[in-house]
file start.cif (mmCIF, C-alpha atoms)
data_query
loop_
_atom_site.group_PDB
_atom_site.id
_atom_site.type_symbol
_atom_site.label_atom_id
_atom_site.label_comp_id
_atom_site.auth_asym_id
_atom_site.auth_seq_id
_atom_site.Cartn_x
_atom_site.Cartn_y
_atom_site.Cartn_z
ATOM 1 C CA MET A 118 -8.595 -30.826 25.720
ATOM 2 C CA ASP A 119 -5.114 -29.330 25.885
ATOM 3 C CA ARG A 120 -4.559 -25.650 26.670
ATOM 4 C CA THR A 121 -3.203 -24.689 23.231
ATOM 5 C CA LEU A 122 -6.244 -26.100 21.432
ATOM 6 C CA ALA A 123 -8.617 -24.424 23.891
ATOM 7 C CA ALA A 124 -6.834 -21.063 23.491
ATOM 8 C CA THR A 125 -6.901 -21.366 19.683
ATOM 9 C CA LEU A 126 -10.627 -22.186 19.714
ATOM 10 C CA ALA A 127 -11.301 -19.218 22.004
ATOM 11 C CA VAL A 128 -9.494 -16.838 19.613
ATOM 12 C CA VAL A 129 -11.298 -18.270 16.571
ATOM 13 C CA MET A 130 -14.713 -17.976 18.275
ATOM 14 C CA THR A 131 -13.950 -14.402 19.331
ATOM 15 C CA LEU A 132 -13.110 -13.454 15.731
ATOM 16 C CA VAL A 133 -16.205 -15.208 14.384
ATOM 17 C CA LEU A 134 -18.483 -13.483 16.891
ATOM 18 C CA ALA A 135 -16.776 -10.130 16.297
ATOM 19 C CA GLY A 136 -17.443 -10.514 12.569
ATOM 20 C CA CYS A 137 -21.126 -11.148 13.279
ATOM 21 C CA THR A 138 -21.411 -7.923 15.259
ATOM 22 C CA GLY A 139 -19.325 -5.827 12.874
ATOM 23 C CA LEU A 140 -16.624 -5.256 15.470
ATOM 24 C CA GLY A 141 -13.970 -7.499 13.938
ATOM 25 C CA PRO A 142 -10.665 -6.513 12.378
ATOM 26 C CA GLY A 143 -11.115 -3.809 9.750
ATOM 27 C CA ALA A 144 -14.537 -2.764 11.037
ATOM 28 C CA GLY A 145 -15.368 0.770 10.116
ATOM 29 C CA THR A 146 -12.514 1.073 7.601
ATOM 30 C CA ASP A 147 -14.654 1.120 4.481
ATOM 31 C CA GLY A 148 -14.427 4.914 4.345
ATOM 32 C CA PRO A 149 -17.191 7.467 4.577
ATOM 33 C CA VAL A 150 -20.674 6.593 3.467
ATOM 34 C CA THR A 151 -21.804 8.765 0.569
ATOM 35 C CA PRO A 152 -25.407 9.946 0.973
ATOM 36 C CA PRO A 153 -27.639 8.955 -1.934
ATOM 37 C CA HIS A 154 -28.161 12.582 -2.969
ATOM 38 C CA SER A 155 -24.519 13.506 -3.334
ATOM 39 C CA SER A 156 -22.197 13.292 -6.296
ATOM 40 C CA GLY A 157 -19.684 11.273 -4.273
ATOM 41 C CA THR A 158 -17.337 14.204 -3.789
ATOM 42 C CA PRO A 159 -17.144 16.503 -0.782
ATOM 43 C CA THR A 160 -19.428 19.486 -1.125
ATOM 44 C CA ASP A 161 -19.140 23.038 0.071
ATOM 45 C CA ALA A 162 -21.778 25.715 0.500
ATOM 46 C CA ASN A 163 -21.645 26.627 -3.228
ATOM 47 C CA ASP A 164 -22.364 23.098 -4.495
ATOM 48 C CA THR A 165 -25.883 22.090 -5.427
ATOM 49 C CA PRO A 166 -27.192 18.587 -4.674
ATOM 50 C CA THR A 167 -27.682 16.144 -7.520
ATOM 51 C CA ALA A 168 -31.279 16.168 -8.740
ATOM 52 C CA TYR A 169 -33.486 13.221 -7.896
ATOM 53 C CA PRO A 170 -35.483 11.475 -10.592
ATOM 54 C CA ASP A 171 -39.178 12.355 -10.823
ATOM 55 C CA THR A 172 -40.375 9.100 -9.295
ATOM 56 C CA THR A 173 -42.237 7.649 -6.358
ATOM 57 C CA THR A 174 -41.078 4.696 -4.304
ATOM 58 C CA GLU A 175 -43.479 1.784 -4.772
ATOM 59 C CA LEU A 176 -45.254 0.340 -1.772
ATOM 60 C CA PRO A 177 -44.978 -3.398 -1.154
ATOM 61 C CA GLY A 178 -48.050 -5.369 -2.224
ATOM 62 C CA GLY A 179 -50.931 -5.056 0.222
ATOM 63 C CA PRO A 180 -54.209 -3.275 0.894
ATOM 64 C CA MET A 181 -52.788 0.238 1.327
ATOM 65 C CA GLU A 182 -52.289 2.689 -1.556
ATOM 66 C CA PRO A 183 -49.854 5.624 -1.440
ATOM 67 C CA PRO A 184 -51.359 8.733 0.162
ATOM 68 C CA ALA A 185 -52.329 11.706 -1.976
ATOM 69 C CA ARG A 186 -49.467 14.132 -2.541
ATOM 70 C CA PRO A 187 -50.055 17.448 -0.721
ATOM 71 C CA ALA A 188 -51.483 20.256 -2.878
ATOM 72 C CA GLU A 189 -49.004 22.665 -1.307
ATOM 73 C CA LEU A 190 -45.672 21.265 -0.197
ATOM 74 C CA ASN A 191 -44.240 22.892 2.903
ATOM 75 C CA ARG A 192 -42.443 21.674 6.022
ATOM 76 C CA THR A 193 -45.653 20.571 7.767
ATOM 77 C CA SER A 194 -47.341 18.955 4.758
ATOM 78 C CA ALA A 195 -44.107 17.136 3.784
ATOM 79 C CA ALA A 196 -43.794 15.704 7.309
ATOM 80 C CA SER A 197 -47.419 14.560 7.382
ATOM 81 C CA TYR A 198 -47.248 13.080 3.868
ATOM 82 C CA VAL A 199 -44.042 11.125 4.517
ATOM 83 C CA ARG A 200 -45.305 9.840 7.891
ATOM 84 C CA MET A 201 -48.424 8.474 6.172
ATOM 85 C CA PHE A 202 -46.393 7.132 3.227
ATOM 86 C CA GLU A 203 -44.034 5.186 5.521
ATOM 87 C CA TYR A 204 -46.964 3.965 7.650
ATOM 88 C CA ARG A 205 -48.582 2.513 4.536
ATOM 89 C CA TYR A 206 -45.242 1.119 3.312
ATOM 90 C CA ALA A 207 -44.625 -0.680 6.630
ATOM 91 C CA TYR A 208 -48.274 -1.775 6.900
ATOM 92 C CA ASN A 209 -48.141 -3.447 3.488
ATOM 93 C CA ALA A 210 -44.793 -5.053 4.321
ATOM 94 C CA LEU A 211 -46.302 -6.590 7.481
ATOM 95 C CA TRP A 212 -49.655 -7.532 5.929
ATOM 96 C CA TYR A 213 -50.071 -11.063 4.594
ATOM 97 C CA ASP A 214 -53.798 -11.521 4.050
ATOM 98 C CA ASP A 215 -57.184 -10.552 5.476
ATOM 99 C CA SER A 216 -56.421 -12.435 8.698
ATOM 100 C CA SER A 217 -53.438 -10.140 9.405
ATOM 101 C CA ASP A 218 -53.711 -7.897 12.459
ATOM 102 C CA VAL A 219 -51.156 -5.113 11.862
ATOM 103 C CA ASN A 220 -50.197 -2.850 14.789
ATOM 104 C CA LEU A 221 -47.960 0.044 13.792
ATOM 105 C CA GLU A 222 -46.972 3.506 15.032
ATOM 106 C CA CYS A 223 -45.001 6.095 13.033
ATOM 107 C CA ASP A 224 -43.493 9.402 14.128
ATOM 108 C CA VAL A 225 -41.566 12.102 12.282
ATOM 109 C CA GLU A 226 -38.011 12.464 13.614
ATOM 110 C CA SER A 227 -36.794 15.388 11.469
ATOM 111 C CA VAL A 228 -37.631 17.611 8.503
ATOM 112 C CA GLU A 229 -34.951 19.528 6.588
ATOM 113 C CA GLN A 230 -35.288 21.643 3.476
ATOM 114 C CA SER A 231 -33.183 20.181 0.653
ATOM 115 C CA GLY A 232 -33.053 21.782 -2.774
ATOM 116 C CA ASP A 233 -36.620 22.163 -4.049
ATOM 117 C CA GLY A 234 -38.023 19.732 -1.481
ATOM 118 C CA TYR A 235 -37.575 18.226 1.955
ATOM 119 C CA ARG A 236 -35.666 15.381 3.561
ATOM 120 C CA VAL A 237 -37.956 13.803 6.132
ATOM 121 C CA THR A 238 -36.871 11.083 8.547
ATOM 122 C CA VAL A 239 -39.654 8.982 10.022
ATOM 123 C CA GLU A 240 -39.531 6.150 12.564
ATOM 124 C CA CYS A 241 -42.020 3.285 12.690
ATOM 125 C CA TYR A 242 -42.339 0.408 15.103
ATOM 126 C CA GLY A 243 -44.819 -2.395 15.288
ATOM 127 C CA TYR A 244 -45.737 -5.949 14.394
ATOM 128 C CA SER A 245 -48.385 -8.118 12.793
ATOM 129 C CA ASN A 246 -50.041 -11.366 13.710
ATOM 130 C CA THR A 247 -51.511 -13.453 10.927
ATOM 131 C CA GLY A 248 -53.701 -16.378 11.857
ATOM 132 C CA GLY A 249 -54.850 -19.302 9.833
ATOM 133 C CA ASP A 250 -57.719 -21.722 10.116
ATOM 134 C CA GLY A 251 -57.125 -25.175 11.468
ATOM 135 C CA ASP A 252 -58.797 -28.030 9.602
ATOM 136 C CA GLY A 253 -60.826 -30.417 11.718
ATOM 137 C CA THR A 254 -59.168 -30.702 15.121
ATOM 138 C CA ALA A 255 -55.889 -29.140 13.951
ATOM 139 C CA THR A 256 -54.724 -26.092 15.864
ATOM 140 C CA ALA A 257 -54.556 -22.895 13.838
ATOM 141 C CA THR A 258 -51.077 -21.459 13.458
ATOM 142 C CA GLU A 259 -50.512 -17.774 14.092
ATOM 143 C CA VAL A 260 -47.487 -16.173 12.484
ATOM 144 C CA HIS A 261 -45.887 -13.152 14.167
ATOM 145 C CA ALA A 262 -43.882 -10.626 12.134
ATOM 146 C CA ASP A 263 -41.949 -7.971 14.043
ATOM 147 C CA TRP A 264 -41.175 -4.710 12.236
ATOM 148 C CA GLY A 265 -39.019 -3.630 15.144
ATOM 149 C CA ASP A 266 -38.020 0.015 15.433
ATOM 150 C CA ARG A 267 -36.889 1.377 12.058
ATOM 151 C CA SER A 268 -36.092 4.833 10.723
ATOM 152 C CA PHE A 269 -36.119 5.824 7.057
ATOM 153 C CA THR A 270 -35.328 9.075 5.318
ATOM 154 C CA TYR A 271 -37.307 10.291 2.335
ATOM 155 C CA TYR A 272 -36.748 13.040 -0.167
ATOM 156 C CA VAL A 273 -40.016 14.620 -1.288
ATOM 157 C CA ASP A 274 -40.664 17.490 -3.691
ATOM 158 C CA GLU A 275 -43.474 18.416 -6.093
ATOM 159 C CA ASP A 276 -43.047 15.232 -8.190
ATOM 160 C CA THR A 277 -40.726 12.927 -6.239
ATOM 161 C CA THR A 278 -41.183 10.687 -3.213
ATOM 162 C CA LEU A 279 -37.994 8.715 -2.756
ATOM 163 C CA ARG A 280 -37.248 6.417 0.170
ATOM 164 C CA LEU A 281 -33.510 7.062 0.357
ATOM 165 C CA ASP A 282 -32.582 4.288 2.791
ATOM 166 C CA ASP A 283 -34.164 1.540 0.731
ATOM 167 C CA SER A 284 -31.850 -0.371 -1.612
ATOM 168 C CA ARG A 285 -34.870 -1.132 -3.833
ATOM 169 C CA THR A 286 -35.449 2.526 -4.715
ATOM 170 C CA ALA A 287 -33.947 4.232 -7.726
ATOM 171 C CA SER A 288 -30.702 6.146 -7.367
ATOM 172 C CA PRO A 289 -30.469 9.824 -8.131
ATOM 173 C CA ALA A 290 -30.012 10.751 -11.801
#

call {"tool": "encode", "arguments": {"input": "start.cif", "output": "structure tokens"}}
result
Amino acid sequence: MDRTLAATLAVVMTLVLAGCTGLGPGAGTDGPVTPPHSSGTPTDANDTPTAYPDTTTELPGGPMEPPARPAELNRTSAASYVRMFEYRYAYNALWYDDSSDVNLECDVESVEQSGDGYRVTVECYGYSNTGGDGDGTATATEVHADWGDRSFTYYVDEDTTLRLDDSRTASPA
């Protein structure tokens, strides 16, 4: 292979790989990311955040139901409620059927007061193994699903539980 072709291929591969990692030309030039709770304009101390709809993020299908909302919402109860909510969300996402063995840990990373409620960031990591039965002499296949290490932020108040980082949740009103 001649040197010009090899150099051209090297440049093309570098650009392709850079695009896969998000480090290619123009990376990071999309402008600032607007948090889901903002109006899209810069805010100062006198601005109030846009209200969230009175809704609760739905859990994926599975055996777990959403936890009971705390009777009294404060920093501690919001953190505990959101940790359990995300645990059940991730559990259901990893669960396939009764043969699923889900292993999951969740921890609260931060709690901040926001308007009438709290913004709680929780991190979960884990995996599931789902086994099947093999017919006759067939070997059973076990499927492994890795949740990895993921963090999600929720907004919770008296009548809202909104998973802000999830594109499937409703946007603020």

call {"tool": "residues_around", "arguments": {"input": "start.cif", "residues": "range 202-218 of chain A", "least_positions_apart": "3", "cutoff": "7 Å", "atoms": "only C-alpha atoms", "output": "list in words"}}
result
Leu176, Pro177, Gly178, Gly179, Pro180, Met181, Pro183, Pro184, Tyr198, Val199, Cys223, Tyr244, Ser245, Asn246, Thr247, Gly248 and Ala262 of chain A

call {"tool": "closest_residue", "arguments": {"input": "start.cif", "among": "A:Gly265, A:Gly232, A:Thr258, A:Glu275", "to": "Ser194 in chain A", "atoms": "all atoms listed in the file"}}
result
A:Glu275

call {"tool": "resolve_selection", "arguments": {"input": "start.cif", "expression": "the PyMOL selection byres ((chain A and resi 191) around 12)", "output": "PyMOL selection string"}}
result
chain A and resi 186-190+192-199+228-231+233-237+273-275

call {"tool": "atom_distance", "arguments": {"input": "start.cif", "atom1": "CA of Gly243 in chain A", "atom2": "CA of Asp266 in chain A"}}
result
7.2 Å

call {"tool": "residues_around", "arguments": {"input": "start.cif", "residues": "Thr277 in chain A", "least_positions_apart": "6", "cutoff": "10 Å", "atoms": "only C-alpha atoms", "output": "list in words"}}
result
Tyr169, Pro170, Asp171, Thr172, Thr173, Thr174, Arg186, Gly234 and Tyr271 of chain A

call {"tool": "atom_distance", "arguments": {"input": "start.cif", "atom1": "CA of Tyr242 in chain A", "atom2": "CA of Ala257 in chain A"}}
result
26.3 Å

call {"tool": "atom_distance", "arguments": {"input": "start.cif", "atom1": "CA of Glu240 in chain A", "atom2": "CA of Thr270 in chain A"}}
result
8.9 Å

call {"tool": "closest_residue", "arguments": {"input": "start.cif", "among": "A:Met201, A:Ala185, A:Val225, A:Val219", "to": "His261 in chain A", "atoms": "only C-alpha atoms"}}
result
A:Val219

call {"tool": "closest_residue", "arguments": {"input": "start.cif", "among": "A:Glu226, A:Asp263, A:Val239, A:Glu182", "to": "Arg280 in chain A", "atoms": "all atoms listed in the file"}}
result
A:Val239

call {"tool": "decode", "arguments": {"input": "start.cif", "residues": "range 222-279 of chain A", "atoms": "C-alpha atoms", "output": "PDB file, in the first residue's frame"}}
result
ATOM      1  CA  GLU A 222     -27.075  -1.362  45.064  1.00  0.00           C
ATOM      2  CA  CYS A 223     -28.273   2.261  45.221  1.00  0.00           C
ATOM      3  CA  ASP A 224     -26.865   5.223  47.132  1.00  0.00           C
ATOM      4  CA  VAL A 225     -27.948   8.849  47.445  1.00  0.00           C
ATOM      5  CA  GLU A 226     -25.335  11.233  46.019  1.00  0.00           C
ATOM      6  CA  SER A 227     -26.987  14.587  46.828  1.00  0.00           C
ATOM      7  CA  VAL A 228     -30.167  16.251  48.078  1.00  0.00           C
ATOM      8  CA  GLU A 229     -30.967  19.903  47.340  1.00  0.00           C
ATOM      9  CA  GLN A 230     -34.075  21.884  48.169  1.00  0.00           C
ATOM     10  CA  SER A 231     -35.736  23.132  44.972  1.00  0.00           C
ATOM     11  CA  GLY A 232     -38.916  25.182  45.045  1.00  0.00           C
ATOM     12  CA  ASP A 233     -41.526  23.268  47.050  1.00  0.00           C
ATOM     13  CA  GLY A 234     -39.590  19.999  46.848  1.00  0.00           C
ATOM     14  CA  TYR A 235     -36.176  18.414  46.507  1.00  0.00           C
ATOM     15  CA  ARG A 236     -33.779  17.446  43.744  1.00  0.00           C
ATOM     16  CA  VAL A 237     -32.243  14.120  44.705  1.00  0.00           C
ATOM     17  CA  THR A 238     -29.440  12.445  42.769  1.00  0.00           C
ATOM     18  CA  VAL A 239     -29.073   8.715  43.296  1.00  0.00           C
ATOM     19  CA  GLU A 240     -26.530   6.258  41.885  1.00  0.00           C
ATOM     20  CA  CYS A 241     -27.236   2.580  41.257  1.00  0.00           C
ATOM     21  CA  TYR A 242     -24.984  -0.184  40.034  1.00  0.00           C
ATOM     22  CA  GLY A 243     -25.637  -3.830  39.464  1.00  0.00           C
ATOM     23  CA  TYR A 244     -26.610  -6.594  37.082  1.00  0.00           C
ATOM     24  CA  SER A 245     -29.002  -9.470  36.540  1.00  0.00           C
ATOM     25  CA  ASN A 246     -28.630 -13.025  35.375  1.00  0.00           C
ATOM     26  CA  THR A 247     -31.640 -14.710  33.838  1.00  0.00           C
ATOM     27  CA  GLY A 248     -31.487 -18.428  33.232  1.00  0.00           C
ATOM     28  CA  GLY A 249     -33.625 -20.642  31.113  1.00  0.00           C
ATOM     29  CA  ASP A 250     -34.365 -24.333  31.089  1.00  0.00           C
ATOM     30  CA  GLY A 251     -32.688 -26.559  28.572  1.00  0.00           C
ATOM     31  CA  ASP A 252     -34.893 -29.134  26.861  1.00  0.00           C
ATOM     32  CA  GLY A 253     -33.622 -32.694  26.924  1.00  0.00           C
ATOM     33  CA  THR A 254     -29.830 -32.613  26.769  1.00  0.00           C
ATOM     34  CA  ALA A 255     -29.688 -28.970  25.638  1.00  0.00           C
ATOM     35  CA  THR A 256     -27.654 -26.634  27.808  1.00  0.00           C
ATOM     36  CA  ALA A 257     -29.630 -23.867  29.478  1.00  0.00           C
ATOM     37  CA  THR A 258     -28.679 -20.375  28.376  1.00  0.00           C
ATOM     38  CA  GLU A 259     -28.090 -17.703  30.986  1.00  0.00           C
ATOM     39  CA  VAL A 260     -28.453 -14.098  29.901  1.00  0.00           C
ATOM     40  CA  HIS A 261     -26.454 -11.415  31.725  1.00  0.00           C
ATOM     41  CA  ALA A 262     -27.666  -7.801  31.804  1.00  0.00           C
ATOM     42  CA  ASP A 263     -25.306  -5.186  33.224  1.00  0.00           C
ATOM     43  CA  TRP A 264     -26.845  -2.007  34.650  1.00  0.00           C
ATOM     44  CA  GLY A 265     -23.388  -0.542  35.068  1.00  0.00           C
ATOM     45  CA  ASP A 266     -22.941   2.499  37.287  1.00  0.00           C
ATOM     46  CA  ARG A 267     -25.660   5.080  36.605  1.00  0.00           C
ATOM     47  CA  SER A 268     -26.770   8.278  38.306  1.00  0.00           C
ATOM     48  CA  PHE A 269     -30.196   9.878  37.944  1.00  0.00           C
ATOM     49  CA  THR A 270     -31.665  13.043  39.372  1.00  0.00           C
ATOM     50  CA  TYR A 271     -35.255  13.243  40.541  1.00  0.00           C
ATOM     51  CA  TYR A 272     -37.484  16.113  41.499  1.00  0.00           C
ATOM     52  CA  VAL A 273     -39.904  15.162  44.270  1.00  0.00           C
ATOM     53  CA  ASP A 274     -42.531  17.240  46.062  1.00  0.00           C
ATOM     54  CA  GLU A 275     -45.902  16.512  47.683  1.00  0.00           C
ATOM     55  CA  ASP A 276     -47.466  15.251  44.414  1.00  0.00           C
ATOM     56  CA  THR A 277     -44.620  14.839  41.916  1.00  0.00           C
ATOM     57  CA  THR A 278     -41.899  12.241  41.437  1.00  0.00           C
ATOM     58  CA  LEU A 279     -40.096  13.051  38.218  1.00  0.00           C
TER      59      LEU A 279
END
